[in-house]
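In what follows, a structure is listed as C-alpha cells, so that the remarks can point back to it.
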Amino acid sequence: ISFPSAGDYELSLSACSRPGYGRVSLRVSVMKDSEANQSVVMDKDMLDHTLVRHSETFSMTAGAATLKIQNMGEVGDRTLIFGAVRICA
C-alpha cells in the first residue's frame, strides 16, 4: 500500500473466528522496509464467532508499506475470517 503523506490514518476491518471452531486472535501490522521495522496497528484477542467491525488509528510516514494480517491463535483448525479492510486519512 502507499501512504501519500505522513500523518494519522484509520484502519478498519471486519473479523471473526470461524463459527463452530476455536476462537482466534487477530494482529494487523504495517511494515515500511522489513519485519524489523513494523508497527503493530491492531491486536484483538479471542475474536467472537460473529463478524464485528474493528478500527484503530495509527501514525505513518509517507511512502510504500506492506499491510500484514495475521491469525495469532493456537495451532489447529482455527480459521480467521476477515474482510472490508479500509485505510483512510
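Labels for the C-alpha cells follow display order: chains A, B, ..., residues from 1 in each chain, ligands from 1.
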
So that I can check the surroundings of Leu47 of chain A, please list as a count of residues only every protein, DNA and RNA residue that reaches within 6 Å of it, counting only C-alpha atoms and ignoring chain neighbours fewer than 4 positions away.
5

Got a sec: who's within 12 Å of Tyr9 of chain A, counting only C-alpha atoms, leaving out chain neighbours fewer than 6 positions off, as JSON, numbers by chain?
{"A": [2, 3, 30, 41, 55, 56, 57, 58, 59, 60, 61, 62, 86, 87, 88, 89]}

Please list as a PyMOL selection string every residue within 12 Å of Lys68 of chain A, counting only C-alpha atoms and excluding residues in the same chain fewer than 5 positions away.
chain A and resi 1+26-32+34-35+38-42+85

From segment 21-85 of chain A, collect each residue whose DSSP state is strand (DSSP E or B) and return the set as JSON, numbers by chain.
{"A": [26, 27, 28, 29, 30, 31, 38, 39, 40, 41, 42, 43, 44, 52, 53, 54, 55, 56, 57, 58, 59, 60, 63, 64, 66, 67, 68, 69, 70, 71, 80, 81, 82, 83, 84, 85]}

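With only C-alpha atoms taken into account, the protein and nucleic acid residues at most 7 Å from Arg78 of chain A (excluding it and anything under 2 positions from it in its own chain) are Arg18, Tyr21, Gly22, Arg23, Val24, Gly73, Gly76 and Leu80 of chain A.
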
Using the selection just defined, write its residues with all heavy atoms as a CSV table (one decimal), in the first residue's frame.
chain,number,residue,atom,x,y,z
A,18,ARG,N,-13.9,-18.5,13.0
A,18,ARG,CA,-14.8,-19.4,12.2
A,18,ARG,C,-15.8,-20.1,13.1
A,18,ARG,O,-15.5,-20.7,14.1
A,18,ARG,CB,-13.9,-20.5,11.6
A,18,ARG,CG,-14.7,-21.5,10.7
A,18,ARG,CD,-13.8,-22.5,10.1
A,18,ARG,NE,-14.5,-23.5,9.3
A,18,ARG,CZ,-13.9,-24.6,8.9
A,18,ARG,NH1,-12.6,-24.8,9.1
A,18,ARG,NH2,-14.6,-25.5,8.2
A,21,TYR,N,-15.7,-23.5,15.6
A,21,TYR,CA,-14.3,-23.9,15.9
A,21,TYR,C,-13.8,-23.0,17.0
A,21,TYR,O,-14.4,-22.1,17.4
A,21,TYR,CB,-13.5,-23.8,14.6
A,21,TYR,CG,-13.9,-24.8,13.6
A,21,TYR,CD1,-15.0,-24.5,12.7
A,21,TYR,CD2,-13.2,-26.0,13.5
A,21,TYR,CE1,-15.4,-25.5,11.8
A,21,TYR,CE2,-13.6,-26.9,12.5
A,21,TYR,CZ,-14.7,-26.7,11.7
A,21,TYR,OH,-15.0,-27.6,10.8
A,22,GLY,N,-12.5,-23.2,17.4
A,22,GLY,CA,-11.9,-22.4,18.4
A,22,GLY,C,-11.8,-20.9,18.1
A,22,GLY,O,-11.8,-20.6,16.9
A,23,ARG,N,-11.7,-20.1,19.1
A,23,ARG,CA,-11.6,-18.7,18.9
A,23,ARG,C,-10.1,-18.3,18.6
A,23,ARG,O,-9.2,-18.9,19.1
A,23,ARG,CB,-12.1,-17.9,20.1
A,23,ARG,CG,-13.6,-18.1,20.2
A,23,ARG,CD,-14.2,-17.6,21.5
A,23,ARG,NE,-14.0,-16.2,21.6
A,23,ARG,CZ,-14.4,-15.5,22.6
A,23,ARG,NH1,-15.0,-16.1,23.7
A,23,ARG,NH2,-14.3,-14.2,22.6
A,24,VAL,N,-10.0,-17.3,17.7
A,24,VAL,CA,-8.6,-16.9,17.3
A,24,VAL,C,-8.4,-15.4,17.7
A,24,VAL,O,-9.3,-14.7,18.1
A,24,VAL,CB,-8.4,-17.0,15.8
A,24,VAL,CG1,-8.6,-18.4,15.3
A,24,VAL,CG2,-9.4,-16.1,15.0
A,73,GLY,N,-3.8,-17.1,16.7
A,73,GLY,CA,-4.4,-18.2,17.5
A,73,GLY,C,-3.5,-19.4,17.6
A,73,GLY,O,-2.5,-19.5,17.0
A,76,GLY,N,-3.9,-25.4,14.9
A,76,GLY,CA,-5.1,-26.3,14.7
A,76,GLY,C,-6.1,-25.7,13.8
A,76,GLY,O,-5.8,-24.7,13.1
A,80,LEU,N,-9.3,-17.6,10.8
A,80,LEU,CA,-9.6,-16.2,10.9
A,80,LEU,C,-10.4,-15.8,9.7
A,80,LEU,O,-9.9,-16.0,8.6
A,80,LEU,CB,-8.4,-15.4,11.1
A,80,LEU,CG,-8.5,-13.9,11.0
A,80,LEU,CD1,-9.3,-13.3,12.2
A,80,LEU,CD2,-7.1,-13.2,11.0
